Each structure stands twice: as C-alpha cells, then as structure tokens.
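Report on the structure given below.
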Amino acid sequence: MKWPAKMFPFAYMVPLENVDPLIHKTDQSKLKPQQKICMEIYHFSTPFFLRNNTLCFFYLGKSNIFSKEGAFWIYEKVDGEWKRLASIYEWSAANKGKYEKEIDFFN
C-alpha cells in the first residue's frame, strides 16, 4: 500500500538518525521560541496486522525542542472502523534547561 502523492504537502521525510541533530539545529537558531515550537517531527512504524487484518500494532513518536515522546498502540477493527484497544508502552522525556520559564506566545 502506498500513500497518494502530496498527501502531506508541507511535510518531508527525515531519516531517524537526523532527527536529534535537526531538533538541536532548530533550538540553536535565532528564531524566537514561539517560532521554534512550530517545528515538530513525527516518526512512526509500519503498521503490523494480525488476525485477518483486524488487529494492528503501531508505534508513533514525536520530537520537538521541548520534549520527545512515543507510544506503541494496538488497534482493533470493529464494524469497519479502527478503535484504539490498548497501549503497550508510552514514554516521554522533557528537555531541561533553557525553557524552564513560560514562553510569551504573543510577543
């Protein structure tokens, strides 16, 4: 199965090994923190299906200048629609340091 071209017109693929360097480069840029928060990188696995394509295992993660997080979920197909059945593993890690105070989003 392939996604249609231009399904995500403002997105591009980044190899997983380039995520941390790209986040660091964004954090070190001269942009205001309000502008930096708009840059998020999502990473996800190929869905893994079982039981005649009625169960799906899927990992989704997100990285930005403030934190990283991820979750490994199980979905079940019920009446033709995918429903989240359970979370096997969820994690989160905050970046400490320079963003401990609140950011003024209006200036």
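Letters A, B, ... mark the chains of the structure tokens in the order given; residue numbers begin at 1 per chain; ligand numbers begin at 1, in order shown.
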Strand (DSSP E or B) per DSSP on the backbone: members of chain A, as number ranges by chain: A: 41-44, 48-50, 55-63, 67-78, 81-94
DSSP on the backbone: which residues in region 29-59 of chain A end up as helix (DSSP H, G or I)? Give the answer as a ChimeraX atom specification. /A:33-36
Quick one: contact table of region 51-85 of chain A to region 16-39 of chain A, 8 Å max, nearest atom pair and distance in Å to one decimal per residue, counting only C-alpha atoms, chain and number order, as a Markdown table?
```
| residue | atom | partner | partner_atom | distance |
| --- | --- | --- | --- | --- |
| A:Ser63 | CA | A:Ile23 | CA | 7.6 |
| A:Asn64 | CA | A:Ile23 | CA | 6.2 |
| A:Ile65 | CA | A:Ile23 | CA | 6.0 |
| A:Phe66 | CA | A:Ile37 | CA | 8.0 |
```
Taking 6 positions as the minimum chain separation for residues in the same chain, which residues sit within 9 Å of Phe72 (chain A) when counting only C-alpha atoms? Answer as number ranges by chain. A: 57-61, 86-90
May I have the selected residues written with N, CA and C atoms, as an mmCIF file, in the first residue's frame?
```cif
data_model
loop_
_atom_site.group_PDB
_atom_site.id
_atom_site.type_symbol
_atom_site.label_atom_id
_atom_site.label_comp_id
_atom_site.auth_asym_id
_atom_site.auth_seq_id
_atom_site.Cartn_x
_atom_site.Cartn_y
_atom_site.Cartn_z
ATOM 1 N N PHE A 57 -0.770 -3.303 15.189
ATOM 2 C CA PHE A 57 0.224 -2.796 16.133
ATOM 3 C C PHE A 57 0.934 -1.628 15.453
ATOM 4 N N PHE A 58 1.085 -0.508 16.181
ATOM 5 C CA PHE A 58 1.571 0.716 15.557
ATOM 6 C C PHE A 58 2.318 1.567 16.576
ATOM 7 N N TYR A 59 3.484 2.089 16.183
ATOM 8 C CA TYR A 59 4.256 2.992 17.044
ATOM 9 C C TYR A 59 4.221 4.400 16.452
ATOM 10 N N LEU A 60 4.006 5.399 17.319
ATOM 11 C CA LEU A 60 4.037 6.800 16.905
ATOM 12 C C LEU A 60 4.853 7.582 17.915
ATOM 13 N N GLY A 61 5.798 8.380 17.428
ATOM 14 C CA GLY A 61 6.616 9.221 18.292
ATOM 15 C C GLY A 61 6.631 10.651 17.786
ATOM 16 N N ALA A 86 -5.549 -0.774 23.101
ATOM 17 C CA ALA A 86 -4.663 -0.727 24.273
ATOM 18 C C ALA A 86 -3.355 -0.045 23.905
ATOM 19 N N SER A 87 -2.705 0.439 24.938
ATOM 20 C CA SER A 87 -1.358 0.971 24.802
ATOM 21 C C SER A 87 -0.421 -0.019 25.483
ATOM 22 N N ILE A 88 0.592 -0.457 24.759
ATOM 23 C CA ILE A 88 1.551 -1.390 25.337
ATOM 24 C C ILE A 88 2.644 -0.631 26.068
ATOM 25 N N TYR A 89 3.058 0.485 25.487
ATOM 26 C CA TYR A 89 4.198 1.207 26.041
ATOM 27 C C TYR A 89 4.084 2.669 25.651
ATOM 28 N N GLU A 90 4.221 3.572 26.629
ATOM 29 C CA GLU A 90 4.244 5.005 26.366
ATOM 30 C C GLU A 90 5.403 5.605 27.134
#
```
The residue from A:Leu55, A:Lys62, A:Leu85, A:Ser67 with the smallest atom-to-atom distance to His43 (chain A), counting only C-alpha atoms, is A:Lys62
Contacts of Ser92 (chain A) at 8 Å (only C-alpha atoms; same-chain gap of 5+ positions) as a PyMOL selection string: chain A and resi 67-70
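Separating CA of Ala94 (chain A) from CA of Phe44 (chain A) is a distance of 19.6 Å.
Straight-line separation from CA of Lys6 (chain A) to CA of Glu40 (chain A): 18.9 Å.
Interatomic distance, CA of Leu50 (chain A) against CA of Ala11 (chain A): 29.8 Å.
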